[in-house]
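Asker: One structure coming up, written as structure tokens, with questions to follow.
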Amino acid sequence: MNLSLVLIATITVLGLAGIGIYTLLITRNLIKVVVALQILVKGVMLALIAAGVNSGNLSLGQTLALSVIVADTIVAVIALALAVQVRRHFGSQDIKNLTTLRR
Amino acid sequence: MAKLLILLSIGLPWLGAVLVWLVGDQRSRLQHFLAVAFSLSAGVTSLLLLGYASASPAWNSPFSSSTISTAFGNLTFIPDGLGVFLAVIATVIGSLAVIFSIDYMRGEKQLGRYYAFVLFFIGAMVGLVLTGSLMLMFVFWEITALCSYALISFYNDDPKAVAGGIKALIMTQIGGIGLLFGAILCYTQLGTFEISALLNHFHEIPGNLLALLAFGFLIAAASKSAQFPFQTWLPDAMEAPTPISALIHAATMVNAGVYLLARFYPAFEHVPGWRTAVVIVGVLSALLAAVMAMVATDLKRVLAYSTVSQLGYMVYAIGAGGFYASQYHLLSHAVFKALLFLSAGAVIHSVGTRDMRRMGGLGKSMPFTRVVFITGAFALAGIPIFNGFWSKEMVLEAGLQGGPFWAYLVMLFSACLTAFYTIRCVSMVFYGQPESQHHIHDAGTAMKAALAPLAAATLVTWLLAGSLATLFSSTLPNHEIHIESTWMVIEEVALAPATWIALLVITAGILAWFGRKLLTRFANTLKGIAWAAASSFGFEAVNRSIVQTTLSAAEKLRSSQTGLLSHNILGILSGLLFILIILLFAGA
């Protein structure tokens with residue numbers, strides 16, 4: 001693997017993760033939270049593949065990425081289902097509604 | 001063959017647990033039958049395993065090719081003398097407790113939950129003593145703690161039972177952490193979790209780390225065996241159904257701590273201060289619990305205190321270098337204490353209370369229970385020819401030879417107190433004026449079927465001294481056993497002057513109960529001690545203050561939980577940043 005490809009992968013990973021974390025920090029819309037989480041996880045997956053290629057152990061990276069896909073899909077599905085419930089219950093998508101879980 | 005028998009001894013109770021639960025509470029007769037069948041067959045397989053006892057692993061790494069093995073080392077099972085001996089106690093007394101439960105638990109709701117946890121416990125206990133891997137031992141250790149918690153809180157609509165269960169769980173967890181800490185320390189030093197590696201290569205571990213390991217295991221043992229300063233959980237565990245108290249809190253699980261100390265004694269005996277610490281833990285437990293038993297009025301609590309006290313004797317024996325004496329006493333204690341608890345269960349089942357002040361004069365209406373209870377009580381008091389006499393004398397003998405003299409004197413005094421509270425208990429329950437208006441009936445058929453073998457065993461298990469010694473010396477290469485035959489034990493006990501002194505002391509304890517009217521003058525001066533004993537020497541107050549501190553700290557920390565996602569993300573990010581900075585500086 002030549003150097004420029006490593007550089008491209010690193011920049012993409014940092015970009016995706018940066019966008020995801022930034023959105024998670026500022027947004028209050030539940031749907032946007034799910035979207036941000038997806039972007040962040042895609043960055044992580046890319047990082048796993050890149051690390052696998054870089055260390056010459058691609059199959060390990062691929063295995064881990066596949067596991068992340070499975071877990072990530074479940075997280076997304078359940079989060080969206082919860083978002084629908086929050087919307088029905090409170091009439092908005094604002095995550096501030098969820099602080100009522102504190103007594 | 002040994003591999004199959006080990007698999008069956010652990011697997012049969014676990015299979016039974018699943019089946020009993022699947023059958024459902026509507027078919028209670030089938031549940032009783034299944035529980036008895038599976039526990040009895042586990043008892044038979046572990047008895048057969050006695051014939052295959054050896055020091056080499058019977059089942060090396062069932063997962064050798066998988067990643068589990070690379071992560072946790074070889075998960076071996078070794079059927080050596082010590083392990084098989086304790087597995088037999090767990091399964092045989094386990095099946096007797098299950099038989100007893102047929103009468104005791106008749107008509108209870110949720111029998112499935114009860115039997116499932118009992119059988120799950122029996123299997124885990126067998127695994128705990130037979131495994132050759134510290135990691136696996138930790139797993140089984142925690143399973144037994146969970147079963148104990150679930151069964152103490154079996155009557156989960158009773159707040160006292162729930163509180164007792166949680167208390168037992170938390171206090172035994174402290175021990176679990178000690179064991180896990182020791183296991184990980186062993187792995188970092190020797191690169192393996194194998195017990196045999198620790199026993200054979202302990203001198204490769206630096207002295208200070210070995211000391212940490214030894215004291216970590218001592219904490220684990222003390223909390224599991226309800227020894228000083230963790231003794232308070234066992235009396236509160238008496239909210240469990242009585243067969244559970246007999247099985248888990250007298251005959252098996254509480255022995256796990258003694259087992260741990262006995263197992264690793266060869267590795268730790270040269271750690272400076274360790275043996276003295278073990279002796280002190282044993283002596284304090286034996287003395288304090290015996291004093292508390294003298295003032296308790298709850299029949300099961302008296303027995304619980306006496307369990308703590310007798311376990312103290314075993315721990316003391318190990319500290320004094322008497323490995324064999326401690327295991328011999330463990331055998332006697334498991335038998336006579338299971339007998340005492342189960343016959344106390346028959347009494348409680350009949351009278352409907354645990355308060356001894358409301359019993360009295362039960363001997364006439366419960367003749368069978370009286371005979372078996374007194375058999376157990378005599379063994380507990382250390383009266384000759386009952387099994388408790390021989391093993392207690394062996395413990396005192398070992399203590400005199402290998403331990404400090406003051407400790408021997410305290411243990412002798414505890415033996416006197418033991419005789420006193422045992423006779424007090426018997427006379428309050430079975431003699432004197434009848435107090436109860438309840439309709440009294442003697443033990444049922446299933447109860448008798450469980451009590452009779454235990455009573456017989458209380459009379460004869462001391463004859464197994466020679467076979468026990470042969471079993472140990474042929475399969476435990478790291479332990480020193482100087483006993484060769486039963487005759488040698490008889491000779492050693494009968495000829496030692498220590499025995500006669502101990503007998504005098506025990507007689508003094510018994511006479512003190514009958515002459516208690518003459519002693520009232522002393523009794524007034526001892527009121528302070530009695531009051532301190534009734535309030536458990538302040539240990540309950542310490543426990544309460546720990547709980548209060550934890551709760552108030554948690555309440556203060558609540559304000560840090562805003563429940564806002566952005567705040568949590570910020571927390572995660574700053575944590576990550578913190579770690580990165582540390583790594584940066586550590587790397588440079």
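Identifiers in the structure tokens: chain A, B, ... in order shown; residue index from 1 per chain; ligand index from 1 in order shown.
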Near chain B, which residues of chain A fall within 9 Å when you count only C-alpha atoms, and what do they look like as a list in words?

Answerer: Ile21, Leu24, Leu25, Ile26, Thr27, Arg28, Ile95, Lys96, Leu98, Thr99, Thr100, Leu101 and Arg102 of chain A

Asker: Write the residues of the preceding selection, restricted to C-alpha atoms, as a JSON list (two decimals), in the first residue's frame.

Answerer:
[["chain", "number", "residue", "atom", "x", "y", "z"],
["A", 21, "ILE", "CA", -18.93, 13.79, 16.48],
["A", 24, "LEU", "CA", -23.70, 14.54, 17.85],
["A", 25, "LEU", "CA", -22.45, 17.45, 19.95],
["A", 26, "ILE", "CA", -24.68, 20.16, 18.50],
["A", 27, "THR", "CA", -27.86, 18.49, 17.26],
["A", 28, "ARG", "CA", -31.02, 18.00, 19.30],
["A", 95, "ILE", "CA", -33.72, 14.83, 22.69],
["A", 96, "LYS", "CA", -34.26, 17.17, 25.64],
["A", 98, "LEU", "CA", -35.53, 12.26, 27.10],
["A", 99, "THR", "CA", -34.11, 13.94, 30.20],
["A", 100, "THR", "CA", -37.45, 13.25, 31.87],
["A", 101, "LEU", "CA", -36.02, 9.78, 32.44],
["A", 102, "ARG", "CA", -34.22, 11.41, 35.37]]

Asker: Which residues of segment 262-349 of chain B come within 9 Å of segment 103-110 of chain B, and what is each one's closest atom pair and distance in Å (one decimal), counting only C-alpha atoms, sorted by chain and residue number, as CSV?

Answerer:
residue,atom,partner,partner_atom,distance
B:Gly345,CA,B:Tyr104,CA,7.7
B:Ala346,CA,B:Tyr104,CA,7.6
B:His349,CA,B:Tyr104,CA,6.9

Asker: Mind dumping the selected residues with N, CA and C atoms as a compact mmCIF listing (two decimals), in the first residue's frame?

Answerer:
# COMPACT_ATOMS: atom_id res chain seq x y z
N GLY B 345 -34.98 -27.73 60.64
CA GLY B 345 -36.02 -27.47 59.65
C GLY B 345 -37.29 -28.24 59.98
N ALA B 346 -37.13 -29.50 60.40
CA ALA B 346 -38.30 -30.30 60.78
C ALA B 346 -39.02 -29.65 61.96
N HIS B 349 -40.71 -26.39 60.71
CA HIS B 349 -41.86 -26.75 59.87
C HIS B 349 -43.05 -27.13 60.74

Asker: I want to know what sits within 12 Å of Asp72 of chain A, based on only C-alpha atoms, with residues of the same chain fewer than 4 positions away left out; could you give that as a list in words?

Answerer: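 Here the qualifying residues turn out to be Val34, Val35, Leu37, Gln38, Ile39, Leu40, Val41, Lys42, Val44, Met45, Leu64, Ala65, Leu66, Ser67, Val68, Ala76, Val77, Ile78 and Ala79 of chain A.
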
Asker: What is the distance, in Å and to one decimal place, between atom CA of Asp442 of chain B and atom CA of Leu362 of chain B?

Answerer: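 Value for the atom CA of Asp442 of chain B-atom CA of Leu362 of chain B distance: 9.4 Å.
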
Asker: Please identify all polymer residues within 9 Å of segment 114-122 of chain B, counting only C-alpha atoms, omitting same-chain residues fewer than 2 positions from it, and present them as an mmCIF file with N, CA and C atoms, in the first residue's frame.

Answerer:
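The new file part03.cif reads:
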data_model
loop_
_atom_site.group_PDB
_atom_site.id
_atom_site.type_symbol
_atom_site.label_atom_id
_atom_site.label_comp_id
_atom_site.auth_asym_id
_atom_site.auth_seq_id
_atom_site.Cartn_x
_atom_site.Cartn_y
_atom_site.Cartn_z
ATOM 1 N N SER B 9 -21.103 -35.411 36.583
ATOM 2 C CA SER B 9 -21.327 -34.814 37.907
ATOM 3 C C SER B 9 -21.708 -33.348 37.800
ATOM 4 N N ILE B 10 -21.154 -32.641 36.816
ATOM 5 C CA ILE B 10 -21.520 -31.230 36.650
ATOM 6 C C ILE B 10 -22.765 -31.115 35.772
ATOM 7 N N LEU B 12 -25.256 -33.382 34.916
ATOM 8 C CA LEU B 12 -26.564 -33.921 35.320
ATOM 9 C C LEU B 12 -27.370 -32.925 36.151
ATOM 10 N N PRO B 13 -26.791 -32.318 37.205
ATOM 11 C CA PRO B 13 -27.600 -31.338 37.945
ATOM 12 C C PRO B 13 -28.045 -30.173 37.065
ATOM 13 N N TRP B 14 -27.159 -29.733 36.157
ATOM 14 C CA TRP B 14 -27.525 -28.589 35.316
ATOM 15 C C TRP B 14 -28.652 -28.972 34.358
ATOM 16 N N LEU B 15 -28.561 -30.197 33.805
ATOM 17 C CA LEU B 15 -29.639 -30.670 32.930
ATOM 18 C C LEU B 15 -30.938 -30.743 33.722
ATOM 19 N N GLY B 16 -30.831 -31.294 34.953
ATOM 20 C CA GLY B 16 -32.005 -31.380 35.816
ATOM 21 C C GLY B 16 -32.594 -30.011 36.085
ATOM 22 N N ALA B 17 -31.729 -29.001 36.288
ATOM 23 C CA ALA B 17 -32.207 -27.641 36.565
ATOM 24 C C ALA B 17 -33.074 -27.137 35.418
ATOM 25 N N VAL B 18 -32.604 -27.375 34.187
ATOM 26 C CA VAL B 18 -33.369 -26.908 33.026
ATOM 27 C C VAL B 18 -34.694 -27.663 32.935
ATOM 28 N N LEU B 19 -34.631 -29.001 33.134
ATOM 29 C CA LEU B 19 -35.844 -29.809 32.993
ATOM 30 C C LEU B 19 -36.897 -29.424 34.032
ATOM 31 N N VAL B 20 -36.463 -29.292 35.296
ATOM 32 C CA VAL B 20 -37.406 -28.950 36.367
ATOM 33 C C VAL B 20 -38.109 -27.641 36.055
ATOM 34 N N TRP B 21 -37.344 -26.728 35.486
ATOM 35 C CA TRP B 21 -37.900 -25.420 35.163
ATOM 36 C C TRP B 21 -38.880 -25.527 33.989
ATOM 37 N N GLN B 31 -41.878 -32.443 39.352
ATOM 38 C CA GLN B 31 -40.719 -31.608 39.703
ATOM 39 C C GLN B 31 -39.929 -32.205 40.861
ATOM 40 N N HIS B 32 -40.661 -32.632 41.921
ATOM 41 C CA HIS B 32 -39.994 -33.279 43.048
ATOM 42 C C HIS B 32 -39.202 -34.488 42.556
ATOM 43 N N ALA B 35 -36.072 -33.567 40.438
ATOM 44 C CA ALA B 35 -35.006 -32.985 41.252
ATOM 45 C C ALA B 35 -34.270 -34.075 42.021
ATOM 46 N N PHE B 38 -32.193 -36.403 39.512
ATOM 47 C CA PHE B 38 -30.968 -35.829 38.964
ATOM 48 C C PHE B 38 -29.917 -35.595 40.049
ATOM 49 N N SER B 39 -30.351 -35.161 41.251
ATOM 50 C CA SER B 39 -29.335 -34.919 42.278
ATOM 51 C C SER B 39 -28.755 -36.242 42.772
ATOM 52 N N ALA B 42 -26.254 -37.504 40.267
ATOM 53 C CA ALA B 42 -24.991 -36.766 40.381
ATOM 54 C C ALA B 42 -24.201 -37.276 41.578
ATOM 55 N N ALA B 87 -16.446 -32.704 46.038
ATOM 56 C CA ALA B 87 -17.535 -32.934 45.089
ATOM 57 C C ALA B 87 -18.517 -33.955 45.650
ATOM 58 N N ALA B 90 -20.654 -32.254 48.219
ATOM 59 C CA ALA B 90 -21.644 -31.369 47.597
ATOM 60 C C ALA B 90 -22.806 -32.159 47.025
ATOM 61 N N THR B 91 -22.511 -33.260 46.308
ATOM 62 C CA THR B 91 -23.599 -33.960 45.634
ATOM 63 C C THR B 91 -24.384 -34.848 46.594
ATOM 64 N N GLY B 94 -26.186 -32.638 48.923
ATOM 65 C CA GLY B 94 -27.140 -31.974 48.036
ATOM 66 C C GLY B 94 -28.356 -32.838 47.778
ATOM 67 N N SER B 95 -28.132 -34.133 47.482
ATOM 68 C CA SER B 95 -29.302 -34.957 47.190
ATOM 69 C C SER B 95 -30.129 -35.206 48.450
ATOM 70 N N VAL B 98 -32.273 -32.239 48.856
ATOM 71 C CA VAL B 98 -33.369 -32.242 47.890
ATOM 72 C C VAL B 98 -34.467 -33.206 48.350
ATOM 73 N N GLN B 110 -43.961 -21.855 42.963
ATOM 74 C CA GLN B 110 -42.685 -21.631 42.275
ATOM 75 C C GLN B 110 -41.610 -22.629 42.687
ATOM 76 N N LEU B 111 -42.022 -23.914 42.768
ATOM 77 C CA LEU B 111 -41.052 -24.964 43.053
ATOM 78 C C LEU B 111 -39.982 -25.041 41.973
ATOM 79 N N GLY B 112 -40.371 -24.728 40.730
ATOM 80 C CA GLY B 112 -39.438 -24.810 39.611
ATOM 81 C C GLY B 112 -38.240 -23.921 39.856
ATOM 82 N N ALA B 124 -22.491 -26.328 39.927
ATOM 83 C CA ALA B 124 -21.442 -25.306 39.978
ATOM 84 C C ALA B 124 -20.445 -25.604 41.089
ATOM 85 N N MET B 125 -20.951 -26.133 42.220
ATOM 86 C CA MET B 125 -20.058 -26.432 43.336
ATOM 87 C C MET B 125 -19.085 -27.549 42.948
ATOM 88 N N VAL B 126 -19.599 -28.565 42.231
ATOM 89 C CA VAL B 126 -18.724 -29.643 41.760
ATOM 90 C C VAL B 126 -17.665 -29.074 40.813
ATOM 91 N N GLY B 127 -18.097 -28.195 39.912
ATOM 92 C CA GLY B 127 -17.154 -27.580 38.985
ATOM 93 C C GLY B 127 -16.089 -26.784 39.716
ATOM 94 N N ILE B 143 -20.988 -18.311 40.112
ATOM 95 C CA ILE B 143 -22.290 -18.975 39.928
ATOM 96 C C ILE B 143 -22.831 -19.411 41.285
ATOM 97 N N THR B 144 -21.961 -19.976 42.150
ATOM 98 C CA THR B 144 -22.459 -20.399 43.463
ATOM 99 C C THR B 144 -22.961 -19.193 44.251
ATOM 100 N N ALA B 145 -22.265 -18.045 44.127
ATOM 101 C CA ALA B 145 -22.713 -16.852 44.853
ATOM 102 C C ALA B 145 -24.082 -16.404 44.351
ATOM 103 N N LEU B 146 -24.284 -16.476 43.022
ATOM 104 C CA LEU B 146 -25.569 -16.060 42.459
ATOM 105 C C LEU B 146 -26.695 -16.979 42.927
ATOM 106 N N CYS B 147 -26.435 -18.299 42.912
ATOM 107 C CA CYS B 147 -27.467 -19.245 43.355
ATOM 108 C C CYS B 147 -27.790 -19.005 44.818
ATOM 109 N N SER B 148 -26.741 -18.764 45.611
ATOM 110 C CA SER B 148 -26.952 -18.508 47.035
ATOM 111 C C SER B 148 -27.843 -17.282 47.213
ATOM 112 N N ALA B 150 -30.005 -16.009 45.039
ATOM 113 C CA ALA B 150 -31.365 -16.256 44.555
ATOM 114 C C ALA B 150 -32.155 -17.108 45.540
ATOM 115 N N LEU B 151 -31.465 -18.019 46.239
ATOM 116 C CA LEU B 151 -32.197 -18.911 47.147
ATOM 117 C C LEU B 151 -32.429 -18.267 48.512
ATOM 118 N N PHE B 154 -35.477 -16.408 48.203
ATOM 119 C CA PHE B 154 -36.517 -17.195 47.533
ATOM 120 C C PHE B 154 -37.903 -16.655 47.851
ATOM 121 N N ILE B 244 -31.945 -25.139 52.165
ATOM 122 C CA ILE B 244 -30.908 -24.314 51.538
ATOM 123 C C ILE B 244 -29.855 -23.941 52.570
ATOM 124 N N LEU B 247 -27.731 -26.973 52.986
ATOM 125 C CA LEU B 247 -26.875 -27.336 51.861
ATOM 126 C C LEU B 247 -25.830 -26.259 51.587
ATOM 127 N N ILE B 248 -26.299 -25.021 51.341
ATOM 128 C CA ILE B 248 -25.389 -23.986 50.858
ATOM 129 C C ILE B 248 -24.669 -23.313 52.016
ATOM 130 N N THR B 252 -21.749 -26.869 52.080
ATOM 131 C CA THR B 252 -20.978 -26.808 50.839
ATOM 132 C C THR B 252 -20.387 -25.440 50.528
ATOM 133 N N MET B 253 -21.225 -24.448 50.159
ATOM 134 C CA MET B 253 -20.650 -23.228 49.599
ATOM 135 C C MET B 253 -19.698 -22.535 50.567
#
